[in-house]
Structure formats: C-alpha cells, structure tokens
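Trainee: Pasting work_29.cif below, which is mmCIF, C-alpha atoms.
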data_run
loop_
_atom_site.label_atom_id
_atom_site.label_comp_id
_atom_site.auth_asym_id
_atom_site.auth_seq_id
_atom_site.Cartn_x
_atom_site.Cartn_y
_atom_site.Cartn_z
CA MET A 1 62.50 123.31 75.95
CA ALA A 2 63.12 127.00 76.13
CA LYS A 3 59.63 127.60 77.57
CA GLU A 4 60.16 125.00 80.28
CA LYS A 5 63.53 126.56 81.25
CA LYS A 6 61.91 130.01 81.53
CA ARG A 7 59.07 128.63 83.68
CA LYS A 8 61.52 126.87 86.05
CA ALA A 9 63.63 130.02 86.34
CA ALA A 10 60.54 132.08 87.17
CA GLU A 11 59.45 129.58 89.86
CA GLU A 12 62.93 129.57 91.39
CA ALA A 13 62.95 133.37 91.45
CA VAL A 14 59.55 133.47 93.21
CA ASP A 15 60.66 130.90 95.80
CA GLY A 16 63.84 132.88 96.46
CA ASP A 17 61.87 136.09 96.99
CA ASP A 18 59.56 134.33 99.40
CA TYR A 19 62.56 133.01 101.32
CA ILE A 20 64.06 136.52 101.54
CA GLU A 21 60.77 137.95 102.78
CA ARG A 22 60.39 135.22 105.44
CA GLU A 23 63.94 135.83 106.60
CA ASP A 24 63.37 139.57 106.95
CA LYS A 25 60.20 139.12 109.00
CA LYS A 26 61.54 138.41 112.51
CA PRO A 27 59.17 137.12 115.22
CA LYS A 28 57.82 139.91 117.37
CA LYS A 29 58.53 139.87 121.12
CA GLN A 30 55.51 139.43 123.33
CA LYS A 31 55.01 142.26 125.82
CA LEU A 32 55.05 141.27 129.49
CA ILE A 33 51.74 142.30 131.03
CA LEU A 34 51.81 142.91 134.80
CA ALA A 35 48.90 141.93 136.98
CA SER A 36 48.39 145.58 137.96
CA GLN A 37 47.88 146.52 134.30
CA ILE A 38 44.86 144.22 133.86
CA LYS A 39 41.71 146.30 134.06
CA ASN A 40 39.26 143.48 134.72
CA LYS A 41 39.13 143.01 138.48
CA GLU A 42 38.30 139.29 138.52
CA LYS A 43 40.97 138.43 135.95
CA ARG A 44 43.53 140.62 137.73
CA SER A 45 42.89 138.94 141.09
CA ALA A 46 43.08 135.48 139.49
CA VAL A 47 46.41 136.27 137.81
CA TYR A 48 47.79 137.72 141.03
CA ALA A 49 46.69 134.66 143.04
CA LYS A 50 48.32 132.36 140.48
CA LEU A 51 51.62 134.29 140.63
CA LYS A 52 51.54 134.28 144.42
CA HIS A 53 50.93 130.53 144.48
CA GLU A 54 53.84 129.91 142.08
CA LYS A 55 56.18 131.99 144.25
CA ARG A 56 55.08 130.09 147.36
CA VAL A 57 55.65 126.72 145.66
CA GLU A 58 59.11 127.83 144.47
CA LYS A 59 60.00 129.04 147.97
CA HIS A 60 58.98 125.69 149.52
CA LYS A 61 61.07 123.84 146.92
CA LYS A 62 64.13 125.90 147.82
CA ILE A 63 63.58 125.27 151.54
CA LYS A 64 63.24 121.51 150.98
CA ALA A 65 66.36 121.42 148.81
CA ARG A 66 68.34 123.35 151.45
CA ASP A 67 67.12 121.08 154.26
CA ALA A 68 67.97 117.98 152.23
CA ALA A 69 71.47 119.31 151.49
CA SER A 70 72.15 120.09 155.16
CA LYS A 71 70.81 116.66 156.23
CA GLN A 72 72.99 114.90 153.68
CA ALA A 73 76.03 116.89 154.81
CA LEU A 74 75.43 115.89 158.44
CA GLU A 75 75.09 112.23 157.49
CA LEU A 76 78.39 112.37 155.58
CA GLY A 77 80.11 114.18 158.44
CA GLU A 78 80.61 117.36 156.45
CA GLU A 79 79.80 120.94 157.41
CA PRO A 80 76.28 121.98 156.40
CA PRO A 81 75.91 124.95 154.04
CA GLU A 82 75.76 128.38 155.62
CA LYS A 83 72.31 129.69 156.45
CA MET A 84 71.09 132.63 154.42
CA VAL A 85 70.84 135.79 156.55
CA PRO A 86 68.32 138.31 155.23
CA ARG A 87 69.38 141.94 154.88
CA THR A 88 67.58 144.13 157.37
CA ILE A 89 67.91 147.71 158.52
CA GLU A 90 69.27 146.48 161.86
CA ASN A 91 72.14 144.34 160.53
CA THR A 92 73.08 146.96 157.91
CA ARG A 93 73.12 149.93 160.31
CA GLU A 94 75.82 152.56 159.98
CA LEU A 95 79.00 152.00 161.97
CA ASP A 96 78.97 153.82 165.29
CA GLU A 97 82.10 154.48 167.33
CA THR A 98 80.10 154.63 170.57
CA VAL A 99 78.97 150.98 170.42
CA CYS A 100 79.90 149.29 173.72
CA ARG A 101 82.37 146.41 173.66
CA PRO A 102 82.71 143.64 176.25
CA ASP A 103 86.39 144.50 176.82
CA ASP A 104 85.80 148.24 177.37
CA GLU A 105 87.41 148.86 180.77
CA GLU A 106 86.53 152.55 180.73
CA LEU A 107 82.83 151.70 180.45
CA PHE A 108 82.88 149.35 183.45
CA ALA A 109 84.88 151.86 185.49
CA GLY A 110 82.24 154.50 184.72
CA ASN A 111 79.47 152.17 185.87
CA ASP A 112 80.93 152.06 189.37
CA ALA A 113 80.86 155.85 189.66
CA ASP A 114 77.64 156.86 187.89
CA GLU A 115 74.39 158.08 189.46
CA PHE A 116 72.71 154.64 189.41
CA SER A 117 75.46 152.56 191.03
CA ALA A 118 74.01 152.81 194.56
CA VAL A 119 70.66 151.32 193.46
CA LEU A 120 72.12 148.74 191.08
CA LYS A 121 74.61 147.54 193.72
CA GLN A 122 71.66 147.13 196.13
CA GLN A 123 73.07 149.67 198.56
CA THR A 124 69.74 151.53 198.48
CA ALA A 125 66.28 150.26 197.54
CA PRO A 126 64.58 151.96 194.59
CA LYS A 127 61.72 154.28 195.53
CA VAL A 128 59.76 155.94 192.73
CA LEU A 129 57.45 158.96 192.87
CA ILE A 130 54.87 159.17 190.06
CA THR A 131 53.00 162.37 189.28
CA THR A 132 51.31 164.12 186.36
CA CYS A 133 51.39 167.44 184.56
CA ARG A 134 49.17 170.24 185.83
CA PHE A 135 46.35 169.56 183.37
CA ASN A 136 45.56 165.88 183.70
CA SER A 137 43.30 163.83 181.42
CA SER A 138 40.89 160.92 181.76
CA ARG A 139 43.35 158.25 180.52
CA GLY A 140 46.23 159.65 182.59
CA PRO A 141 45.06 158.21 185.96
CA ALA A 142 44.29 154.84 184.35
CA PHE A 143 47.81 154.72 182.88
CA ILE A 144 49.36 155.72 186.22
CA LYS A 145 47.35 153.05 188.03
CA GLU A 146 48.84 150.40 185.73
CA LEU A 147 52.35 151.87 186.14
CA LEU A 148 51.95 151.47 189.91
CA SER A 149 51.23 147.77 189.38
CA VAL A 150 54.31 147.37 187.14
CA ILE A 151 56.94 149.26 189.17
CA PRO A 152 57.40 148.04 192.77
CA ASN A 153 57.86 150.63 195.54
CA ALA A 154 56.16 153.31 193.41
CA GLN A 155 53.86 155.94 194.94
CA TYR A 156 51.49 158.39 193.29
CA TYR A 157 51.24 162.04 194.35
CA LYS A 158 48.80 164.57 192.92
CA ARG A 159 50.54 167.41 191.10
CA GLY A 160 48.22 170.22 192.13
CA THR A 161 49.76 173.65 191.48
CA TYR A 162 53.30 172.77 192.59
CA GLU A 163 56.24 173.48 190.31
CA LEU A 164 58.39 170.57 189.27
CA LYS A 165 61.49 171.96 191.03
CA LYS A 166 59.63 171.96 194.35
CA ILE A 167 58.50 168.38 193.74
CA VAL A 168 62.14 167.40 193.11
CA GLU A 169 63.20 168.99 196.40
CA TYR A 170 60.37 167.25 198.25
CA ALA A 171 61.30 163.89 196.71
CA LYS A 172 64.95 164.35 197.73
CA ASN A 173 63.93 165.00 201.34
CA LYS A 174 61.71 161.88 201.32
CA GLU A 175 64.62 159.79 199.91
CA PHE A 176 63.01 158.91 196.60
CA THR A 177 65.42 157.60 193.97
CA SER A 178 63.43 158.52 190.83
CA ILE A 179 60.52 160.67 189.64
CA ILE A 180 58.22 159.81 186.72
CA VAL A 181 56.09 162.64 185.31
CA VAL A 182 53.29 161.64 182.91
CA HIS A 183 52.49 164.45 180.47
CA THR A 184 49.15 164.51 178.67
CA ASN A 185 47.88 166.38 175.63
CA ARG A 186 44.27 166.37 174.38
CA ARG A 187 43.23 163.83 177.02
CA GLU A 188 45.95 161.39 175.92
CA PRO A 189 49.35 160.66 177.61
CA ASP A 190 52.02 161.70 175.09
CA ALA A 191 55.31 162.07 177.05
CA LEU A 192 57.25 160.72 180.02
CA LEU A 193 59.81 162.63 182.07
CA LEU A 194 62.17 160.40 184.04
CA ILE A 195 64.28 162.17 186.69
CA GLY A 196 67.02 160.41 188.64
CA LEU A 197 67.57 161.55 192.20
CA PRO A 198 69.44 163.15 193.85
CA ASP A 199 71.83 164.23 191.06
CA GLY A 200 70.01 163.36 187.84
CA PRO A 201 70.09 162.77 184.95
CA THR A 202 66.73 163.72 183.38
CA ALA A 203 65.40 161.85 180.35
CA HIS A 204 62.53 163.10 178.21
CA PHE A 205 60.66 160.44 176.21
CA ARG A 206 57.89 160.78 173.67
CA LEU A 207 55.07 158.31 174.48
CA SER A 208 52.95 156.71 171.75
CA ASN A 209 50.82 153.64 170.93
CA LEU A 210 49.46 153.34 174.46
CA VAL A 211 47.18 150.34 175.01
CA LEU A 212 45.74 149.89 178.50
CA ARG A 213 45.20 146.53 180.15
CA LYS A 214 41.44 146.49 179.64
CA ASP A 215 41.92 146.87 175.86
CA ILE A 216 44.27 143.86 175.54
CA LYS A 217 42.51 140.67 174.57
CA ASN A 218 42.87 137.74 177.04
CA HIS A 219 45.04 139.84 179.36
CA GLY A 220 46.29 138.59 182.71
CA ASN A 221 46.26 140.28 186.12
CA PRO A 222 49.73 140.85 187.59
CA THR A 223 50.62 139.88 191.14
CA SER A 224 52.57 141.89 193.71
CA HIS A 225 55.79 139.90 193.12
CA GLU A 226 58.90 141.77 192.01
CA PRO A 227 59.31 141.26 188.24
CA GLU A 228 62.21 140.15 186.12
CA LEU A 229 63.63 142.89 183.88
CA VAL A 230 64.74 142.31 180.28
CA LEU A 231 66.64 145.03 178.37
CA ASN A 232 67.33 144.36 174.67
CA ASN A 233 69.61 146.14 172.16
CA PHE A 234 70.87 149.02 174.30
CA THR A 235 74.24 148.80 172.58
CA THR A 236 75.75 152.31 172.40
CA ARG A 237 77.09 154.48 175.21
CA LEU A 238 73.87 156.50 175.16
CA GLY A 239 71.78 153.33 175.11
CA HIS A 240 73.82 151.85 177.96
CA ARG A 241 73.16 154.94 180.06
CA VAL A 242 69.44 154.97 179.28
CA GLY A 243 69.25 151.24 180.05
CA ARG A 244 70.88 151.71 183.46
CA MET A 245 68.48 154.55 184.18
CA ILE A 246 65.48 152.30 183.42
CA GLN A 247 67.09 149.49 185.40
CA SER A 248 67.34 151.72 188.48
CA LEU A 249 63.52 151.87 188.67
CA PHE A 250 63.22 148.17 189.54
CA PRO A 251 64.57 146.09 192.45
CA GLN A 252 67.59 144.01 191.54
CA VAL A 253 66.29 140.87 193.31
CA PRO A 254 63.37 139.54 191.23
CA ASN A 255 60.91 137.07 192.72
CA PHE A 256 60.73 134.23 190.22
CA ARG A 257 57.70 132.68 191.90
CA GLY A 258 55.58 135.51 190.56
CA ARG A 259 56.53 134.61 186.96
CA ARG A 260 56.40 138.29 185.92
CA VAL A 261 58.57 139.74 183.16
CA VAL A 262 58.95 143.41 182.20
CA THR A 263 60.63 143.98 178.82
CA PHE A 264 62.15 147.12 177.30
CA HIS A 265 63.07 146.23 173.72
CA ASN A 266 64.99 148.81 171.67
CA GLN A 267 64.56 148.59 167.90
CA ARG A 268 65.55 151.43 165.57
CA ASP A 269 65.67 153.82 168.57
CA PHE A 270 62.08 153.01 169.54
CA ILE A 271 61.80 151.42 173.01
CA PHE A 272 58.87 148.99 173.17
CA PHE A 273 57.47 148.21 176.61
CA ARG A 274 55.74 144.88 177.33
CA HIS A 275 54.58 143.24 180.56
CA HIS A 276 53.98 139.47 180.63
CA ARG A 277 53.60 136.59 183.03
CA TYR A 278 54.54 132.95 182.51
CA VAL A 279 51.68 130.45 182.36
CA PHE A 280 52.33 126.70 182.65
CA GLU A 281 49.64 124.40 181.29
CA VAL A 282 49.47 120.59 181.35
CA LYS A 283 48.01 119.14 178.17
CA GLU A 284 47.35 115.53 177.23
CA LYS A 285 48.82 114.34 173.96
CA LYS A 286 47.58 111.07 172.42
CA GLU A 287 50.12 108.83 170.73
CA GLY A 288 49.42 106.00 168.31
CA LEU A 289 47.56 105.33 165.06
CA LYS A 290 43.87 106.06 164.61
CA ASP A 291 41.47 103.51 163.21
CA LYS A 292 39.46 105.08 160.41
CA LYS A 293 36.37 102.91 161.03
CA SER A 294 36.09 103.24 164.79
CA LYS A 295 37.85 106.62 164.97
CA ALA A 296 39.34 105.58 168.31
CA SER A 297 42.97 106.07 169.22
CA GLN A 298 44.97 102.94 169.95
CA GLY A 299 47.90 104.67 171.68
CA LYS A 300 48.72 105.99 175.15
CA THR A 301 48.01 109.48 176.46
CA GLU A 302 51.05 111.46 177.54
CA LYS A 303 50.92 114.60 179.68
CA LYS A 304 53.17 117.47 178.69
CA ALA A 305 53.78 120.80 180.43
CA ILE A 306 53.58 123.72 177.99
CA ALA A 307 54.84 127.21 178.87
CA ARG A 308 53.37 130.31 177.27
CA LEU A 309 53.28 134.06 177.87
CA GLN A 310 50.19 136.00 178.87
CA GLU A 311 50.30 139.76 178.43
CA CYS A 312 49.34 141.82 181.47
CA GLY A 313 49.64 145.34 180.06
CA PRO A 314 50.01 148.19 179.61
CA ARG A 315 51.65 148.38 176.21
CA PHE A 316 53.40 151.52 174.91
CA THR A 317 56.38 152.84 172.91
CA LEU A 318 59.02 155.36 174.00
CA LYS A 319 61.25 157.57 171.85
CA LEU A 320 64.13 159.43 173.52
CA VAL A 321 63.97 163.19 172.89
CA SER A 322 66.70 164.47 175.22
CA LEU A 323 68.99 163.50 178.09
CA GLN A 324 69.93 166.28 180.50
CA HIS A 325 72.63 166.53 183.18
CA GLY A 326 71.30 166.88 186.70
CA THR A 327 67.65 167.25 187.66
CA PHE A 328 65.00 169.03 185.60
CA ASP A 329 66.04 172.58 184.60
CA THR A 330 64.59 174.28 181.52
CA LYS A 331 66.71 177.44 181.64
CA GLY A 332 70.23 176.59 182.84
CA GLY A 333 70.28 172.86 182.18
CA GLU A 334 73.15 171.25 180.29
CA PHE A 335 72.13 168.48 177.88
CA GLU A 336 74.10 165.29 177.29
CA TRP A 337 72.15 164.45 174.14
CA VAL A 338 69.31 166.08 172.20
CA HIS A 339 67.58 164.63 169.16
CA LYS A 340 67.40 167.08 166.27
CA ALA A 341 65.84 166.76 162.82
CA ASP A 342 69.15 167.22 160.98
CA MET A 343 70.56 164.14 162.75
CA ASP A 344 68.26 161.82 160.78
CA THR A 345 70.48 161.65 157.70
CA SER A 346 69.87 157.96 157.03
CA ARG A 347 67.35 155.23 157.83
CA ARG A 348 70.26 153.07 159.00
CA ARG A 349 71.62 155.50 161.57
CA PHE A 350 70.68 154.75 165.17
CA PHE A 351 71.80 156.31 168.45
CA ILE A 352 70.63 153.89 171.16
#
Starting from the file, give its structure as structure tokens.
Mentor:
Amino acid sequence: MAKEKKRKAAEEAVDGDDYIEREDKKPKKQKLILASQIKNKEKRSAVYAKLKHEKRVEKHKKIKARDAASKQALELGEEPPEKMVPRTIENTRELDETVCRPDDEELFAGNDADEFSAVLKQQTAPKVLITTCRFNSSRGPAFIKELLSVIPNAQYYKRGTYELKKIVEYAKNKEFTSIIVVHTNRREPDALLLIGLPDGPTAHFRLSNLVLRKDIKNHGNPTSHEPELVLNNFTTRLGHRVGRMIQSLFPQVPNFRGRRVVTFHNQRDFIFFRHHRYVFEVKEKKEGLKDKKSKASQGKTEKKAIARLQECGPRFTLKLVSLQHGTFDTKGGEFEWVHKADMDTSRRRFFI
C-alpha cells in the first residue's frame, strides 16, 4: 500500500510539473512579412497581386453596400448617407484672406476701373501683337503659328534688333491691346511675357510641358471661329487679376457654331492650357436580346447623338513668376507680386 501511494504521488508531481511548464510556454507571435521583404521575385509578385486583388474586392464590397444603403434610404423617403469626400491638397489648402467672395462690392467696383474694362465691356476689340526674343529657336515659330490660330485678331511681328520698349511704343501707336513675347532657351520656348496696353500690367510666366499640335494623337484642326473661353479656379485677388488679363486677349462674343473651347485651368498655381473642339457623332445602338444560336439581334436599332471633345493643341503649362505695374520696365518697374523661394512654406499654400 505504501509503495502504491508513493508511485501515485510521484505521477501527480510529474503531471503538475508538466502543466506548469506548458503554462509558462506562451505561443510565439508570427512576424508579419511584407511583400517587399520577399526576395524571390516570382513569389513577391504573386503575393503583391493577391493583396491588390483583396483590396479591390473589399473596395467593391464597400461601394455596393453604400449604394444599397442610399437606394434603400430613397425608397423609404429618408435622406441618403453623406458621400465620402477624399482629402486632397486643394480642399485642405491654407486659409487665404485674399480669396474673392461673391458679395465683395469693392472687387466689382475695381473691375469697372481696371486696365481691362474697356476690352471686357466690348468698348474696344482685342488686338494682340506676338513677337519673340532676339535669339529665336526652331520650335519658337511653330509655337507662335499655333498661338495665332488660337487667339483671334493676333498678328506676328519679327523681333529683329528692336528693344522691347520701342516695340511697346509701336504697339501703342498701332492701337494694340496686348503684347505676347515668347522667350526661348536652348531651342525650346521656356517663358511668356504678357503686356497689357496702354497702361499695363506686365505678367511674366514660366512655360513648360509644351506639346505642339503635330505631336498630339488624333488631333483636330481648328477653324477661324471665335472660341469660347473657360477660366477655372482663379479664386484669389491675384488670380482674379490674372484671369481678367488672360480674358482680355479673346473677344467677348464667342461663335458657338465653331464649337471651339479654350481652357485655362488653375491647379496648385499651375495654369494648364488646353484647346478643344466639340464633335457630335451619331451612333446606332441595338436594343433587345440576342439569340445564342443564330447570334442575331431581335431588337430595334436606335440612333443616339454622342458628344465628345477632340484636342486641337497646343498644350502647355504656365507658372506665374511676377506681375508688374505698367508696361515692361526692368530698372524702375514697380511689382504688384513676385514669387520668391521663401514664400513656399507649405504644400497647401497657393496664391492664385
């Protein structure tokens, strides 16, 4: 009996020790391995494709659930849930005191007395002189040729050896309303100087990302009709002034038969220029079920007019460098606004 008691006690002690050891040994956490940490290229690409597919499936599920919820709310006569607005640099921009408001009486009073009011009120017709810098390039004339097709009542004059001040005086005597100077560097147009006449102002733009008409795929050829003008996101006082200066280059009575549209779109202080024309196409759309055996449609054909845009070119981007009072003067000119490097304190700070 005593031996059996000792054996049972020993077995119980061993079981207890095993239990204590199992309790102390906690399960180890598995390390999360990123797709970029996998050295095998084929395995890494497969894991990445799988993760991308899972994210896409989850996104579609959320969209379907949101659409179903809004549809159910409309059926029940309730308000649908608010749409999610993504955070962008544009809608999180820094507050600016110079942003124009629709009830700003001072702004509208200034519009009636500024340098562009005569053209914008159709008291005088816009007349634009286009010239180049002294050292012209091969792409400069091609760019100017396309500018002449975009801006009505524009004329090209060779620069020669004349100074810009003499050209301004000549343009005043010939009753031009604006001067555009195309500056080139290393055989590539890189700047535009826009001078309002007779009293200014003068705007200096940096020109980049120039694509001529011949380099645009499936481009259209513009007609001689006067185009419609679209100005987007010129919201501040400076942007309003620059927008009116650009607006003074074009006639204020567009010819809608030509179906031409010229767009200046401001985004993050970069002004994107595009030139399009409307194209209306009539396409036949078949309605009805298809028979799988005969593969013939059993419905009626309906004609629908489809509108699309065809780009005419050129395509370029402008960045405002300075805005000067009066006509061009490098020595005694007074500047309204000059862009400096220390002004770029944040990615969400814009001036136009």
Trainee: Could you tell me which residues the PyMOL selection byres ((chain A and resi 284) around 12) grabs in this file, written as a ChimeraX atom specification?
Mentor: /A:281-283,285-287,300-306
Trainee: What are the closest atom pairs, with distances in Å to one decimal, for each residue of region 47-125 of chain A lying within 12 Å of region 239-242 of chain A, using only C-alpha atoms, rows by chain and rising residue number, as a tab-separated table?
Mentor:
residue	atom	partner	partner_atom	distance
A:Thr98	CA	A:Gly239	CA	9.6
A:Val99	CA	A:Gly239	CA	8.9
A:Cys100	CA	A:His240	CA	7.8
A:Arg101	CA	A:His240	CA	11.0
A:Leu107	CA	A:His240	CA	9.3
A:Phe108	CA	A:His240	CA	10.9
A:Gly110	CA	A:Arg241	CA	10.2
A:Asn111	CA	A:Arg241	CA	9.0
A:Asp114	CA	A:Arg241	CA	9.2
A:Glu115	CA	A:Arg241	CA	10.0
A:Phe116	CA	A:Arg241	CA	9.4
A:Ser117	CA	A:Arg241	CA	11.5
Trainee: I need the residue set behind the PyMOL selection byres ((chain A and resi 271) around 12) for this file; please write it as a ChimeraX atom specification.
Mentor: /A:205-209,231-234,239,242-243,246,263-270,272-274,315-321,352
Trainee: Could you check the closest approach to Tyr278 (chain A) for each of A:Ala307, A:Val57, A:Leu192, A:Val262 and tell me which residue wins, using only C-alpha atoms?
Mentor: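 So, comparing all the options, the nearest one is A:Ala307.
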Trainee: Just say which residues the PyMOL selection byres ((chain A and resi 338) around 9) picks in this file, as a PyMOL selection string.
Mentor: chain A and resi 320-324+335-337+339-340
Trainee: Export, as a PDB file, keeping the file's coordinate frame, the selected residues with C-alpha atoms.
Mentor:
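Full text of result.pdb as output:
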ATOM      1  CA  LEU A 320      64.130 159.430 173.520  1.00  0.00           C
ATOM      2  CA  VAL A 321      63.970 163.190 172.890  1.00  0.00           C
ATOM      3  CA  SER A 322      66.700 164.470 175.220  1.00  0.00           C
ATOM      4  CA  LEU A 323      68.990 163.500 178.090  1.00  0.00           C
ATOM      5  CA  GLN A 324      69.930 166.280 180.500  1.00  0.00           C
ATOM      6  CA  PHE A 335      72.130 168.480 177.880  1.00  0.00           C
ATOM      7  CA  GLU A 336      74.100 165.290 177.290  1.00  0.00           C
ATOM      8  CA  TRP A 337      72.150 164.450 174.140  1.00  0.00           C
ATOM      9  CA  HIS A 339      67.580 164.630 169.160  1.00  0.00           C
ATOM     10  CA  LYS A 340      67.400 167.080 166.270  1.00  0.00           C
TER      11      LYS A 340
END
Trainee: Step by step: start from the point (47.9, 144.4, 137.7) in the file's coordinates, keep every protein, DNA or RNA residue that has an atom no farther than 12 Å from it, count all atoms listed in the file, and write the set as a list in words.
Mentor: Leu32, Ile33, Leu34, Ala35, Ser36, Gln37, Ile38, Lys39, Asn40, Lys41, Glu42, Lys43, Arg44, Ser45, Ala46, Val47, Tyr48, Ala49 and Leu51 of chain A
Trainee: Show me, as an MDAnalysis selection string, the residues that have an atom within 9 Å of Lys165 (chain A) when counting all atoms listed in the file, minus same-chain residues fewer than 3 positions from it.
Mentor: chainID A and resid 162 168:170 327:329
Trainee: Tell me, in Å to one decimal, how far CA of Glu58 (chain A) is from CA of Glu79 (chain A).
Mentor: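 Interatomic distance here is 25.4 Å.
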Trainee: For Cys312 (chain A), which residue among A:Arg244, A:His276, A:Arg260, A:Arg66 is the nearest when counting all atoms listed in the file?
Mentor: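 Nearest candidate to Cys312 (chain A) out of A:Arg244, A:His276, A:Arg260, A:Arg66: A:His276.
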Trainee: Please compute the CA of His219 (chain A)-CA of Pro314 (chain A) distance, one decimal, in Å.
Mentor: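 Calculated distance between CA of His219 (chain A) and CA of Pro314 (chain A) is 9.7 Å.
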Trainee: Could you jot down the CA of Thr202 (chain A) to CA of Gly326 (chain A) separation for me, Å, one decimal place?
Mentor: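 Rounded to one decimal, the two atoms are 6.5 Å apart.
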Trainee: Find the spatial neighbours of Pro80 (chain A), counting all atoms listed in the file, within a cut-off of 8 Å - ignore same-chain residues fewer than 2 positions away - and output them as a ChimeraX atom specification.
Mentor: /A:69-71,73-74,78,82
